[in-house]
$ cat query.tsv   # TSV, C-alpha atoms and all ligand atoms
chain	number	residue	atom	x	y	z
A	1	MET	CA	17.82	15.46	-190.33
A	2	SER	CA	19.69	14.66	-193.52
A	3	ARG	CA	20.52	17.17	-196.21
A	4	VAL	CA	20.59	15.94	-199.80
A	5	PHE	CA	22.91	17.07	-202.57
A	6	ASN	CA	20.77	19.40	-204.64
A	7	PHE	CA	21.50	19.81	-208.37
A	8	SER	CA	18.31	21.73	-209.14
A	9	ALA	CA	18.50	24.22	-212.02
A	10	GLY	CA	16.50	26.90	-210.20
A	11	PRO	CA	15.48	27.65	-207.57
A	12	SER	CA	18.64	25.94	-206.45
A	13	ALA	CA	20.88	25.03	-203.55
A	14	LEU	CA	21.78	27.72	-201.01
A	15	PRO	CA	24.93	27.59	-198.88
A	16	LEU	CA	24.31	25.63	-195.67
A	17	PRO	CA	25.91	28.30	-193.39
A	18	VAL	CA	23.46	30.83	-194.87
A	19	LEU	CA	20.45	28.62	-194.15
A	20	GLU	CA	21.72	28.02	-190.62
A	21	GLN	CA	22.05	31.72	-189.99
A	22	VAL	CA	18.55	32.34	-191.35
A	23	GLN	CA	17.25	29.66	-189.01
A	24	ALA	CA	19.16	30.96	-186.00
A	25	GLU	CA	17.92	34.54	-186.32
A	26	LEU	CA	14.47	33.89	-187.78
A	27	LEU	CA	12.45	34.68	-184.64
A	28	ASP	CA	14.61	37.45	-183.29
A	29	TRP	CA	16.47	39.36	-185.94
A	30	ARG	CA	19.09	41.84	-184.72
A	31	GLY	CA	17.55	41.88	-181.25
A	32	LEU	CA	14.29	43.32	-182.59
A	33	GLY	CA	12.20	40.44	-181.23
A	34	THR	CA	10.74	39.92	-184.69
A	35	SER	CA	11.80	38.32	-187.97
A	36	VAL	CA	13.33	40.30	-190.82
A	37	MET	CA	10.12	39.61	-192.78
A	38	GLU	CA	8.05	41.57	-190.31
A	39	VAL	CA	9.79	44.93	-190.31
A	40	SER	CA	9.54	47.87	-192.66
A	41	HIS	CA	11.73	47.87	-195.74
A	42	ARG	CA	12.43	51.47	-194.76
A	43	SER	CA	13.51	50.65	-191.19
A	44	LYS	CA	17.10	51.52	-190.41
A	45	GLU	CA	17.85	47.83	-189.82
A	46	PHE	CA	16.64	46.81	-193.27
A	47	LEU	CA	18.23	49.80	-194.97
A	48	ALA	CA	21.53	48.59	-193.49
A	49	VAL	CA	20.98	45.22	-195.22
A	50	ALA	CA	20.24	46.98	-198.50
A	51	GLU	CA	23.33	49.15	-198.23
A	52	GLN	CA	25.66	46.33	-197.19
A	53	SER	CA	24.44	43.98	-199.93
A	54	GLU	CA	25.08	46.60	-202.58
A	55	ALA	CA	28.54	47.28	-201.16
A	56	ASP	CA	29.34	43.54	-201.09
A	57	LEU	CA	28.11	42.97	-204.63
A	58	ARG	CA	30.21	45.93	-205.79
A	59	THR	CA	33.26	44.47	-204.05
A	60	LEU	CA	32.75	40.97	-205.44
A	61	LEU	CA	32.21	42.10	-209.05
A	62	LYS	CA	34.38	45.25	-208.85
A	63	VAL	CA	31.45	47.29	-210.15
A	64	PRO	CA	32.66	50.70	-211.42
A	65	ASP	CA	31.15	53.86	-209.91
A	66	GLU	CA	29.26	54.84	-213.07
A	67	TYR	CA	27.04	51.77	-212.68
A	68	SER	CA	23.99	51.49	-210.45
A	69	VAL	CA	23.07	48.27	-208.68
A	70	LEU	CA	19.37	47.45	-208.34
A	71	PHE	CA	17.58	44.75	-206.36
A	72	LEU	CA	14.20	44.38	-208.06
A	73	GLN	CA	11.33	41.91	-208.34
A	74	GLY	CA	9.79	40.15	-211.32
A	75	GLY	CA	12.57	37.71	-212.20
A	76	ALA	CA	14.82	37.65	-215.23
A	77	GLN	CA	11.85	37.51	-217.56
A	78	MET	CA	10.58	40.87	-216.38
A	79	GLN	CA	13.94	42.20	-217.57
A	80	PHE	CA	13.08	40.78	-221.01
A	81	SER	CA	10.52	43.64	-221.03
A	82	MET	CA	12.33	46.28	-218.95
A	83	VAL	CA	15.47	46.21	-221.10
A	84	PRO	CA	13.75	47.18	-224.37
A	85	LEU	CA	11.34	49.58	-222.65
A	86	ASN	CA	14.30	51.48	-221.16
A	87	LEU	CA	17.11	51.12	-223.68
A	88	LEU	CA	15.50	51.33	-227.13
A	89	ASP	CA	15.92	54.78	-228.68
A	90	GLU	CA	13.60	56.47	-231.25
A	91	ARG	CA	14.62	54.02	-233.97
A	92	LYS	CA	13.64	51.13	-231.69
A	93	ARG	CA	16.26	48.75	-233.08
A	94	ALA	CA	18.22	46.14	-231.13
A	95	ASP	CA	20.32	43.08	-231.96
A	96	TYR	CA	19.91	39.77	-230.13
A	97	ILE	CA	22.23	36.76	-230.20
A	98	ASP	CA	20.23	33.55	-230.17
A	99	THR	CA	21.96	30.65	-228.41
A	100	GLY	CA	18.91	28.70	-227.24
A	101	TYR	CA	15.78	28.63	-225.13
A	102	TRP	CA	16.27	31.71	-222.94
A	103	SER	CA	17.63	33.97	-225.68
A	104	ARG	CA	14.62	33.05	-227.82
A	105	LEU	CA	12.18	34.02	-225.08
A	106	ALA	CA	14.04	37.31	-224.68
A	107	VAL	CA	13.68	37.99	-228.42
A	108	GLU	CA	10.00	37.14	-228.41
A	109	GLU	CA	9.29	39.57	-225.59
A	110	ALA	CA	11.46	42.39	-226.99
A	111	ARG	CA	9.57	42.16	-230.29
A	112	ARG	CA	6.54	43.61	-228.50
A	113	TYR	CA	8.47	46.87	-228.19
A	114	GLY	CA	10.76	47.26	-231.15
A	115	GLU	CA	12.35	45.97	-234.29
A	116	ILE	CA	14.51	43.14	-233.05
A	117	SER	CA	17.06	41.52	-235.29
A	118	VAL	CA	18.56	38.10	-234.54
A	119	ALA	CA	22.15	38.91	-235.45
A	120	ALA	CA	23.34	35.32	-235.02
A	121	SER	CA	21.72	32.04	-234.15
A	122	SER	CA	22.79	28.65	-232.87
A	123	VAL	CA	19.87	26.88	-234.58
A	124	GLY	CA	22.10	25.68	-237.42
A	125	LEU	CA	24.51	24.31	-234.82
A	126	GLY	CA	21.83	22.24	-233.11
A	127	ASP	CA	22.03	24.68	-230.18
A	128	MET	CA	25.22	22.91	-229.14
A	129	ALA	CA	27.65	25.74	-229.93
A	130	ILE	CA	27.90	29.52	-230.06
A	131	PRO	CA	27.85	31.03	-233.56
A	132	PRO	CA	31.37	32.38	-234.25
A	133	ARG	CA	31.68	36.10	-233.56
A	134	GLU	CA	32.79	36.87	-237.15
A	135	THR	CA	29.43	35.62	-238.47
A	136	TRP	CA	27.35	38.03	-236.35
A	137	GLN	CA	25.41	40.59	-238.40
A	138	LEU	CA	25.56	43.51	-236.00
A	139	ASP	CA	23.99	46.89	-236.70
A	140	PRO	CA	26.30	49.64	-235.40
A	141	GLN	CA	23.21	51.85	-234.94
A	142	ALA	CA	21.40	49.34	-232.71
A	143	SER	CA	20.38	50.56	-229.24
A	144	TYR	CA	22.01	47.50	-227.68
A	145	VAL	CA	23.15	43.92	-228.26
A	146	HIS	CA	21.55	41.30	-226.02
A	147	TYR	CA	23.01	37.87	-225.29
A	148	THR	CA	22.72	35.02	-222.81
A	149	PRO	CA	26.17	34.20	-221.39
A	150	ASN	CA	24.96	30.82	-220.15
A	151	GLU	CA	22.05	28.91	-221.68
A	152	THR	CA	20.79	27.07	-218.63
A	153	LEU	CA	18.88	24.28	-220.40
A	154	THR	CA	21.59	22.99	-222.70
A	155	GLY	CA	24.65	24.15	-220.75
A	156	VAL	CA	26.15	26.28	-223.53
A	157	GLU	CA	28.30	29.04	-222.10
A	158	PHE	CA	30.38	31.93	-223.44
A	159	HIS	CA	33.83	31.80	-221.85
A	160	GLU	CA	34.66	35.25	-223.16
A	161	VAL	CA	32.71	38.47	-223.34
A	162	PRO	CA	32.00	39.13	-227.03
A	163	ASP	CA	33.32	42.36	-228.54
A	164	VAL	CA	30.42	44.39	-229.93
A	165	GLY	CA	32.21	47.71	-230.37
A	166	SER	CA	30.61	50.76	-228.85
A	167	VAL	CA	27.02	49.45	-228.82
A	168	PRO	CA	25.97	48.69	-225.21
A	169	LEU	CA	26.13	44.98	-224.42
A	170	VAL	CA	23.24	43.56	-222.36
A	171	ALA	CA	23.58	40.16	-220.66
A	172	ASP	CA	21.08	37.80	-219.05
A	173	MET	CA	23.45	36.38	-216.44
A	174	SER	CA	20.78	34.51	-214.47
A	175	SER	CA	22.68	31.23	-214.35
A	176	THR	CA	26.28	32.44	-214.30
A	177	ILE	CA	26.52	35.69	-212.31
A	178	LEU	CA	29.01	35.48	-209.41
A	179	SER	CA	30.46	32.18	-210.70
A	180	ARG	CA	33.73	33.92	-211.66
A	181	PRO	CA	35.15	37.45	-211.94
A	182	ILE	CA	33.86	39.55	-214.84
A	183	ASP	CA	34.81	42.93	-216.27
A	184	VAL	CA	31.60	44.88	-215.66
A	185	SER	CA	32.88	47.81	-217.73
A	186	ARG	CA	32.40	45.67	-220.86
A	187	PHE	CA	28.62	45.75	-220.33
A	188	GLY	CA	25.87	48.33	-220.59
A	189	LEU	CA	23.55	46.26	-218.44
A	190	ILE	CA	23.66	42.93	-216.61
A	191	TYR	CA	20.62	41.26	-215.09
A	192	ALA	CA	20.01	38.02	-213.24
A	193	GLY	CA	17.14	36.32	-211.49
A	194	ALA	CA	18.53	35.55	-208.03
A	195	GLN	CA	17.27	31.99	-207.71
A	196	LYS	CA	20.33	30.28	-209.23
A	197	ASN	CA	23.47	31.86	-207.89
A	198	VAL	CA	22.44	34.76	-205.66
A	199	GLY	CA	19.64	33.77	-203.31
A	200	PRO	CA	15.96	32.84	-203.16
A	201	ALA	CA	13.47	33.48	-205.97
A	202	GLY	CA	11.70	36.82	-205.88
A	203	LEU	CA	14.76	39.00	-206.28
A	204	THR	CA	16.40	40.21	-209.48
A	205	VAL	CA	19.80	41.86	-209.63
A	206	VAL	CA	20.38	44.57	-212.25
A	207	ILE	CA	23.68	46.34	-212.83
A	208	VAL	CA	23.23	49.22	-215.26
A	209	ARG	CA	25.46	51.98	-216.59
A	210	ARG	CA	23.68	55.06	-215.38
A	211	ASP	CA	23.97	57.03	-218.63
A	212	LEU	CA	21.72	54.44	-220.31
A	213	THR	CA	18.85	55.23	-217.95
A	214	GLY	CA	16.41	58.11	-217.85
A	215	ARG	CA	14.67	57.54	-221.17
A	216	CYS	CA	12.14	54.86	-220.30
A	217	SER	CA	9.21	54.58	-222.71
A	218	PRO	CA	6.44	56.87	-221.37
A	219	GLY	CA	3.86	54.10	-221.71
A	220	ALA	CA	5.80	51.71	-219.46
A	221	PRO	CA	4.62	50.91	-215.94
A	222	LYS	CA	6.36	53.29	-213.54
A	223	LEU	CA	8.04	50.44	-211.65
A	224	PHE	CA	9.75	49.41	-214.90
A	225	ASP	CA	11.70	52.66	-215.09
A	226	TYR	CA	15.35	52.03	-214.11
A	227	LYS	CA	15.89	55.71	-213.36
A	228	ARG	CA	12.96	55.78	-210.96
A	229	GLN	CA	14.28	52.64	-209.24
A	230	ILE	CA	17.79	54.09	-208.99
A	231	ASP	CA	16.44	57.29	-207.44
A	232	ALA	CA	14.37	55.24	-204.98
A	233	GLY	CA	17.23	52.93	-203.94
A	234	SER	CA	15.33	49.95	-205.47
A	235	MET	CA	12.40	50.82	-203.23
A	236	ALA	CA	9.94	52.45	-205.61
A	237	ASN	CA	7.54	50.05	-203.93
A	238	THR	CA	7.87	47.50	-201.12
A	239	ALA	CA	11.07	45.55	-201.64
A	240	PRO	CA	11.20	41.71	-201.47
A	241	THR	CA	12.84	41.98	-198.07
A	242	PHE	CA	13.25	38.33	-197.12
A	243	SER	CA	14.83	37.33	-200.46
A	244	TRP	CA	17.05	40.38	-200.35
A	245	TYR	CA	18.17	39.60	-196.79
A	246	VAL	CA	19.07	36.00	-197.73
A	247	ALA	CA	20.91	37.24	-200.83
A	248	ALA	CA	22.87	39.60	-198.58
A	249	LEU	CA	23.96	36.60	-196.49
A	250	VAL	CA	24.98	34.74	-199.66
A	251	LEU	CA	27.12	37.71	-200.75
A	252	LYS	CA	28.84	37.74	-197.33
A	253	TRP	CA	29.40	33.99	-197.65
A	254	LEU	CA	31.03	34.50	-201.08
A	255	LEU	CA	33.37	37.13	-199.62
A	256	GLY	CA	34.21	34.76	-196.76
A	257	MET	CA	35.04	32.03	-199.28
A	258	GLY	CA	37.73	34.31	-200.69
A	259	GLY	CA	35.81	36.03	-203.49
A	260	LEU	CA	35.13	35.16	-207.09
A	261	GLU	CA	38.67	34.06	-208.08
A	262	VAL	CA	38.39	31.25	-205.53
A	263	LEU	CA	34.84	30.39	-206.59
A	264	ALA	CA	35.87	30.35	-210.27
A	265	GLU	CA	38.62	27.85	-209.54
A	266	MET	CA	36.17	25.63	-207.64
A	267	ASN	CA	33.53	25.90	-210.35
A	268	ARG	CA	35.99	25.08	-213.11
A	269	ARG	CA	37.19	22.04	-211.15
A	270	LYS	CA	33.66	20.81	-210.41
A	271	SER	CA	32.64	21.00	-214.05
A	272	GLU	CA	35.88	19.34	-215.23
A	273	THR	CA	35.31	16.43	-212.85
A	274	LEU	CA	31.85	15.87	-214.30
A	275	TYR	CA	32.81	16.30	-217.96
A	276	ARG	CA	35.72	13.89	-217.44
A	277	CYS	CA	33.35	11.26	-216.05
A	278	ILE	CA	31.09	11.73	-219.10
A	279	ASP	CA	33.92	11.72	-221.65
A	280	ASP	CA	35.56	8.64	-220.10
A	281	SER	CA	32.34	6.63	-220.17
A	282	GLU	CA	32.86	5.19	-223.68
A	283	GLY	CA	29.58	6.60	-224.93
A	284	PHE	CA	27.46	5.49	-221.99
A	285	TYR	CA	27.03	9.18	-221.07
A	286	THR	CA	27.25	11.88	-223.74
A	287	ASN	CA	27.44	15.65	-223.69
A	288	ARG	CA	27.17	17.10	-227.20
A	289	VAL	CA	28.06	20.70	-226.39
A	290	SER	CA	31.01	21.99	-228.38
A	291	PRO	CA	34.07	21.69	-226.09
A	292	GLY	CA	34.87	25.42	-226.15
A	293	CYS	CA	31.45	26.36	-224.78
A	294	ARG	CA	30.69	23.74	-222.18
A	295	SER	CA	29.04	25.36	-219.19
A	296	TRP	CA	30.64	25.47	-215.75
A	297	MET	CA	27.22	25.80	-214.20
A	298	ASN	CA	24.84	23.41	-215.97
A	299	VAL	CA	26.24	20.09	-217.14
A	300	SER	CA	23.71	18.32	-219.31
A	301	PHE	CA	24.11	14.79	-220.61
A	302	HIS	CA	22.20	11.91	-222.12
A	303	LEU	CA	22.38	8.24	-221.25
A	304	VAL	CA	23.15	5.69	-223.94
A	305	SER	CA	19.46	4.82	-224.01
A	306	PRO	CA	16.63	7.13	-222.89
A	307	GLU	CA	14.90	4.09	-221.32
A	308	LEU	CA	17.57	4.22	-218.61
A	309	ASP	CA	16.73	7.83	-217.65
A	310	SER	CA	14.07	7.02	-215.09
A	311	SER	CA	16.06	4.34	-213.29
A	312	PHE	CA	19.14	6.63	-213.29
A	313	LEU	CA	17.12	9.44	-211.73
A	314	ALA	CA	15.34	7.20	-209.22
A	315	GLY	CA	18.61	5.57	-208.15
A	316	ALA	CA	20.21	8.99	-207.75
A	317	GLU	CA	17.36	10.23	-205.64
A	318	ALA	CA	17.59	7.15	-203.42
A	319	GLU	CA	21.20	8.20	-202.70
A	320	GLY	CA	20.25	11.79	-201.90
A	321	LEU	CA	21.21	13.26	-205.29
A	322	ILE	CA	18.21	15.33	-206.36
A	323	GLY	CA	17.14	17.81	-209.05
A	324	LEU	CA	18.92	16.00	-211.89
A	325	LYS	CA	16.10	15.65	-214.41
A	326	GLY	CA	16.85	17.50	-217.65
A	327	HIS	CA	14.51	20.30	-218.75
A	328	ARG	CA	11.44	18.97	-220.58
A	329	ALA	CA	12.57	20.71	-223.78
A	330	VAL	CA	15.91	18.87	-223.77
A	331	GLY	CA	15.39	15.62	-221.83
A	332	GLY	CA	18.16	13.52	-220.34
A	333	VAL	CA	20.01	14.62	-217.21
A	334	ARG	CA	21.23	18.01	-216.08
A	335	ALA	CA	23.44	18.66	-213.08
A	336	SER	CA	23.36	22.31	-212.07
A	337	ILE	CA	26.47	22.97	-210.03
A	338	TYR	CA	26.17	26.57	-208.93
A	339	ASN	CA	28.36	28.20	-206.27
A	340	ALA	CA	26.47	26.63	-203.36
A	341	VAL	CA	26.90	23.05	-204.65
A	342	PRO	CA	30.03	21.74	-202.89
A	343	GLU	CA	32.76	19.71	-204.57
A	344	ARG	CA	31.82	16.68	-202.53
A	345	ALA	CA	28.34	16.77	-204.11
A	346	VAL	CA	29.98	16.46	-207.53
A	347	ASP	CA	32.23	13.68	-206.23
A	348	ALA	CA	29.16	11.82	-204.94
A	349	LEU	CA	27.41	12.22	-208.30
A	350	VAL	CA	30.45	10.98	-210.24
A	351	ASP	CA	30.74	7.99	-207.92
A	352	TYR	CA	27.06	7.18	-208.53
A	353	MET	CA	27.45	7.61	-212.31
A	354	MET	CA	30.36	5.16	-212.41
A	355	ARG	CA	28.49	2.54	-210.40
A	356	PHE	CA	25.35	2.99	-212.52
A	357	ARG	CA	27.38	2.53	-215.69
A	358	THR	CA	29.03	-0.65	-214.36
A	359	ARG	CA	25.60	-2.05	-213.59
A	360	HIS	CA	23.91	-1.05	-216.89
A	361	GLY	CA	26.76	-0.55	-219.40
B	1	LIG	C1	16.24	30.67	-215.08
B	1	LIG	C2	16.52	31.64	-216.16
B	1	LIG	C3	15.58	32.61	-216.50
B	1	LIG	C4	14.25	32.62	-215.76
B	1	LIG	O1	13.73	33.82	-215.52
B	1	LIG	P1	12.72	34.09	-214.30
B	1	LIG	O2	11.83	35.12	-214.84
B	1	LIG	O3	13.60	34.57	-213.18
B	1	LIG	O4	12.01	32.81	-213.99
B	1	LIG	C5	15.89	33.52	-217.50
B	1	LIG	N1	17.08	33.46	-218.14
B	1	LIG	C6	18.01	32.51	-217.83
B	1	LIG	C7	19.31	32.48	-218.56
B	1	LIG	C8	17.74	31.58	-216.84
B	1	LIG	O5	18.65	30.65	-216.52
$ encode --input "query.tsv" --output "structure tokens"
Amino acid sequence: MSRVFNFSAGPSALPLPVLEQVQAELLDWRGLGTSVMEVSHRSKEFLAVAEQSEADLRTLLKVPDEYSVLFLQGGAQMQFSMVPLNLLDERKRADYIDTGYWSRLAVEEARRYGEISVAASSVGLGDMAIPPRETWQLDPQASYVHYTPNETLTGVEFHEVPDVGSVPLVADMSSTILSRPIDVSRFGLIYAGAQKNVGPAGLTVVIVRRDLTGRCSPGAPKLFDYKRQIDAGSMANTAPTFSWYVAALVLKWLLGMGGLEVLAEMNRRKSETLYRCIDDSEGFYTNRVSPGCRSWMNVSFHLVSPELDSSFLAGAEAEGLIGLKGHRAVGGVRASIYNAVPERAVDALVDYMMRFRTRHG
């Protein structure tokens, strides 16, 4: 058996020790003679997984007590609906910061429920930079400000949490959660589809300040109500047990690695190695993202000629470097280098990129 280096944007690479543990205990989990998928989500064995995963996530992100942690279904895009349905007040006004593809989809969905204002947009910057904070047109009466800390398609990332005063800040952290320490107290709500940096698809992590819950729109589906989910321990209906169990193993793995300070250092190094290779290529590879907002997680680049894309990708695949095709909306190449992608995967990619350039440059 040979494992490839997987740069897929999502679902994405999982840590090998986690997959090995899943394999080892698949048929007989915790001596029950059955797999974790085949027992009740309300069994004491599964409840222990639920409890431990919440405790580990709280430790990793230093989540303050006044925040609840939820493990839900529906992906990040279901949060595009749940956030407005739960957080909009009677005036139904919210501000969104548009930095690309995912923020735009969030705006489009929120507009079904309220009066959404795009307080700043990266359109004028070719989606290659974050609009400067002093240009944002924020409404101090808005119910919340929504932003996307990392735009996964282009690889445009905020390296600081923006100051939005006392209005609750809501973040779609799908492609950056757990990649570094964050100050959770700066946020009203954080959500993330698990399939990039937390675990398998099918699970969504939500961290919400409890005082923002309890006023869900009466017309909303009951499972969309954060308060109901908090009261039910994320089990207002059957939980996605297998995804949750794998995510719990990933959280343990992160703790074993030394926590998020260590991961941040690794992630910064991995991205620097790749950007250096691009910047030193004399225009053969280009990344147009403004230097201050280059993503640590998704490194996108174009080749000097788009005709080379397919032979670049095919050659990479032949060497066991997969998942590098850029999103259809952006083209080119994208290397997603989440927590589970080891430094030697990045080294292998850089080595391939240098040889490819020598051959075709
Ligand atoms: C991948 C991604 C999503 C996708 O949402 P799903 O509903 O989980 O498919 C949303 N937002 C961001 C920033 C993403 O990277």
$ atom_distance --input "query.tsv" --atom1 "CA of Met235 in chain A" --atom2 "atom C2 of ligand LIG 1 (chain B)"
23.5 Å
$ atom_distance --input "query.tsv" --atom1 "CA of Ala220 in chain A" --atom2 "CA of Met82 in chain A"
8.5 Å
$ closest_residue --input "query.tsv" --among "A:Val164, A:Leu212, A:Val289, A:Met297" --to "ligand LIG 1 (chain B)" --atoms "only C-alpha atoms and all ligand atoms"
A:Met297
$ residues_around --input "query.tsv" --residues "range 353-355 of chain A" --least-positions-apart "2" --cutoff "9 Å" --atoms "all atoms listed in the file" --output "PDB file with C-alpha atoms, in the frame of the given file"
ATOM      1  CA  CYS A 277      33.350  11.260-216.050  1.00  0.00           C
ATOM      2  CA  ILE A 278      31.090  11.730-219.100  1.00  0.00           C
ATOM      3  CA  SER A 281      32.340   6.630-220.170  1.00  0.00           C
ATOM      4  CA  TYR A 285      27.030   9.180-221.070  1.00  0.00           C
ATOM      5  CA  PHE A 312      19.140   6.630-213.290  1.00  0.00           C
ATOM      6  CA  ALA A 316      20.210   8.990-207.750  1.00  0.00           C
ATOM      7  CA  ALA A 348      29.160  11.820-204.940  1.00  0.00           C
ATOM      8  CA  LEU A 349      27.410  12.220-208.300  1.00  0.00           C
ATOM      9  CA  VAL A 350      30.450  10.980-210.240  1.00  0.00           C
ATOM     10  CA  ASP A 351      30.740   7.990-207.920  1.00  0.00           C
ATOM     11  CA  ARG A 357      27.380   2.530-215.690  1.00  0.00           C
ATOM     12  CA  THR A 358      29.030  -0.650-214.360  1.00  0.00           C
ATOM     13  CA  ARG A 359      25.600  -2.050-213.590  1.00  0.00           C
ATOM     14  CA  HIS A 360      23.910  -1.050-216.890  1.00  0.00           C
TER      15      HIS A 360
END
$ residues_near_point --input "query.tsv" --point "(23.3, 51.8, -208.2)" --cutoff "8 Å" --atoms "only C-alpha atoms" --output "list in words"
Glu54, Tyr67, Ser68, Val69, Leu70, Ile207, Val208, Arg210, Ile230 and Gly233 of chain A
$ closest_residue --input "query.tsv" --among "A:Asn298, A:Gln23, A:Gln229, A:Ser121" --to "ligand LIG 1 (chain B)" --atoms "all atoms listed in the file"
A:Asn298
$ closest_residue --input "query.tsv" --among "A:Glu38, A:Glu307, A:Asp231, A:Asp172" --to "ligand LIG 1 (chain B)" --atoms "all atoms listed in the file"
A:Asp172
$ closest_residue --input "query.tsv" --among "A:Leu138, A:Val118, A:Leu169, A:Val83" --to "Thr213 in chain A" --atoms "only C-alpha atoms"
A:Val83
$ residues_near_ligand --input "query.tsv" --ligand "ligand LIG 1 (chain B)" --cutoff "7 Å" --atoms "only C-alpha atoms and all ligand atoms" --output "PyMOL selection string"
chain A and resi 10+74-78+102+148+150-152+172-175+193
$ closest_residue --input "query.tsv" --among "A:Tyr245, A:Trp136, A:Thr286, A:Phe187" --to "Glu51 in chain A" --atoms "all atoms listed in the file"
A:Tyr245
$ residues_around --input "query.tsv" --residues "Phe284 in chain A" --least-positions-apart "6" --cutoff "9 Å" --atoms "all atoms listed in the file" --output "VMD selection string"
chain A and resid 278 302 to 305 357 361
$ atom_distance --input "query.tsv" --atom1 "CA of Leu263 in chain A" --atom2 "CA of Gly202 in chain A"
24.0 Å
$ residues_around --input "query.tsv" --residues "Glu115 in chain A" --least-positions-apart "6" --cutoff "9 Å" --atoms "only C-alpha atoms" --output "PyMOL selection string"
chain A and resi 91-95
$ closest_residue --input "query.tsv" --among "A:Ser43, A:Ser300, A:Ser336, A:Ser2" --to "Lys270 in chain A" --atoms "all atoms listed in the file"
A:Ser336
$ closest_atom_pairs --input "query.tsv" --of "range 64-179 of chain A" --to "range 252-262 of chain A" --cutoff "12 Å" --atoms "only C-alpha atoms" --output "JSON lines"
{"residue": "A:Thr176", "atom": "CA", "partner": "A:Leu260", "partner_atom": "CA", "distance": 11.7}
{"residue": "A:Ile177", "atom": "CA", "partner": "A:Leu260", "partner_atom": "CA", "distance": 10.1}
{"residue": "A:Leu178", "atom": "CA", "partner": "A:Leu260", "partner_atom": "CA", "distance": 6.6}
{"residue": "A:Ser179", "atom": "CA", "partner": "A:Leu260", "partner_atom": "CA", "distance": 6.6}
